[in-house]
Every structure is written in C-alpha cells, then in structure tokens.
Amino acid sequence: MKIATLNIDWARKKKPAKTAAFLNRFDFDFLILTEAVDLDLDRFPYKYPCSPIPEHTVYENLNYTEYLKGEKAFRTILYSKIPCSEKYPVTDDKTNLALEFETAFGNMVFYCTIIGTWFNRQPSADKELRNTI
C-alpha cells in the first residue's frame, strides 16, 4: 500500500493543471494534500475534501478567492482508490478530516490536518493546535 502526503501550497507555483499532471504520474493508494485546491487526479475515484474555506470574504486574515485567483481553497483533501467506510466528527471541519477505510491490511483511520496555516501568528496557530489535539 502506498500512502503519500504533500503540502501543495495551493498549487500557486505550478498551477493546478501542472500539479495534477505531476501527481497523476504516481500510483498512490491514498494521497493527502494540504493547502489544496481541487485537482483532477485520474487515479482516484474517491475524493474527500474538508469543508472549503469561505469564498469572496476575508477568512482568518485573507481573502482566499482573490489570493488563489478564483480557485476554491481546502486545507485538506484525501484522495483514495477505495471508498471511505466511516467519517468521524472533528473540531474544525475546515482544517481536519478523520476518515476510516477498510483495506486489505485491516481498517485504517486517517486523520488529515494542517497545523500552523499562519505559522506562529496568534491567535490562529494556538486555535489550530487546540482543534487538532
């Protein structure tokens, strides 16, 4: 089983299409992206995004719609080859995901998160750390 996690920094440098083309070269079973935009990844029939960051508004000090030139922002997205068997509640659904999958190796729970989207800027960093814990 191949599992990968990658912070794609909103695909700003490589653009979403180029980022998707790069990631489509790999044969992962699960791929967790952070600071993500919705990518067209051929190898994954299943996609589980966290709740999107609100559009056309300043959210936690940034208008992501303007910053990402119209792309919808997701702090975490999990792509998989198999369907999720259970989704667990999380404290902050715009940052965290908790998903269970029935695999050949037994049930696996993935907790997808990103801490410090604003690095050490307060109060955002402390809030995200508390949500993750």
# chains A, B, ... in the order shown; residues from 1 in each chain; ligands from 1
$ select_by_dssp --residues "region 5-71 of chain A" --states "alpha helix (DSSP H)" --output "ChimeraX atom specification"
/A:15-23,64-67
$ closest_atom_pairs --of "region 68-119 of chain A" --to "region 36-43 of chain A" --cutoff "9 Å" --atoms "only C-alpha atoms" --output "CSV"
residue,atom,partner,partner_atom,distance
A:Leu68,CA,A:Val37,CA,8.9
A:Glu71,CA,A:Val37,CA,6.5
A:Lys72,CA,A:Val37,CA,6.0
A:Ala73,CA,A:Val37,CA,5.2
A:Phe74,CA,A:Ala36,CA,5.1
A:Arg75,CA,A:Ala36,CA,5.7
A:Thr76,CA,A:Ala36,CA,6.1
A:Ile77,CA,A:Ala36,CA,6.7
A:Tyr79,CA,A:Leu41,CA,8.3
A:Ser80,CA,A:Arg43,CA,8.3
A:Lys81,CA,A:Arg43,CA,7.2
$ residues_around --residues "region 84-92 of chain A" --least-positions-apart "5" --cutoff "7 Å" --atoms "only C-alpha atoms" --output "PyMOL selection string"
chain A and resi 97-102+131
$ write_last_selection --atoms "N, CA, C and O atoms" --output "PDB file, in the first residue's frame"
ATOM      1  N   LEU A  97      -9.866  16.326   8.809  1.00  0.00           N
ATOM      2  CA  LEU A  97     -10.693  15.213   8.348  1.00  0.00           C
ATOM      3  C   LEU A  97     -10.306  13.984   9.156  1.00  0.00           C
ATOM      4  O   LEU A  97      -9.125  13.787   9.448  1.00  0.00           O
ATOM      5  N   ALA A  98     -11.261  13.152   9.476  1.00  0.00           N
ATOM      6  CA  ALA A  98     -10.991  11.863  10.119  1.00  0.00           C
ATOM      7  C   ALA A  98     -11.841  10.828   9.388  1.00  0.00           C
ATOM      8  O   ALA A  98     -13.067  10.832   9.488  1.00  0.00           O
ATOM      9  N   LEU A  99     -11.168   9.963   8.621  1.00  0.00           N
ATOM     10  CA  LEU A  99     -11.853   9.016   7.745  1.00  0.00           C
ATOM     11  C   LEU A  99     -11.325   7.606   7.959  1.00  0.00           C
ATOM     12  O   LEU A  99     -10.117   7.411   8.096  1.00  0.00           O
ATOM     13  N   GLU A 100     -12.244   6.637   7.957  1.00  0.00           N
ATOM     14  CA  GLU A 100     -11.849   5.235   8.106  1.00  0.00           C
ATOM     15  C   GLU A 100     -12.066   4.505   6.785  1.00  0.00           C
ATOM     16  O   GLU A 100     -13.049   4.744   6.079  1.00  0.00           O
ATOM     17  N   PHE A 101     -11.136   3.606   6.481  1.00  0.00           N
ATOM     18  CA  PHE A 101     -11.187   2.815   5.256  1.00  0.00           C
ATOM     19  C   PHE A 101     -10.961   1.353   5.600  1.00  0.00           C
ATOM     20  O   PHE A 101     -10.116   1.031   6.431  1.00  0.00           O
ATOM     21  N   GLU A 102     -11.704   0.469   4.936  1.00  0.00           N
ATOM     22  CA  GLU A 102     -11.490  -0.970   5.080  1.00  0.00           C
ATOM     23  C   GLU A 102     -10.500  -1.390   3.994  1.00  0.00           C
ATOM     24  O   GLU A 102     -10.816  -1.336   2.804  1.00  0.00           O
ATOM     25  N   ASN A 131      -7.561  22.626  18.110  1.00  0.00           N
ATOM     26  CA  ASN A 131      -8.506  21.861  17.287  1.00  0.00           C
ATOM     27  C   ASN A 131      -7.952  20.502  16.920  1.00  0.00           C
ATOM     28  O   ASN A 131      -8.675  19.509  16.892  1.00  0.00           O
TER      29      ASN A 131
END
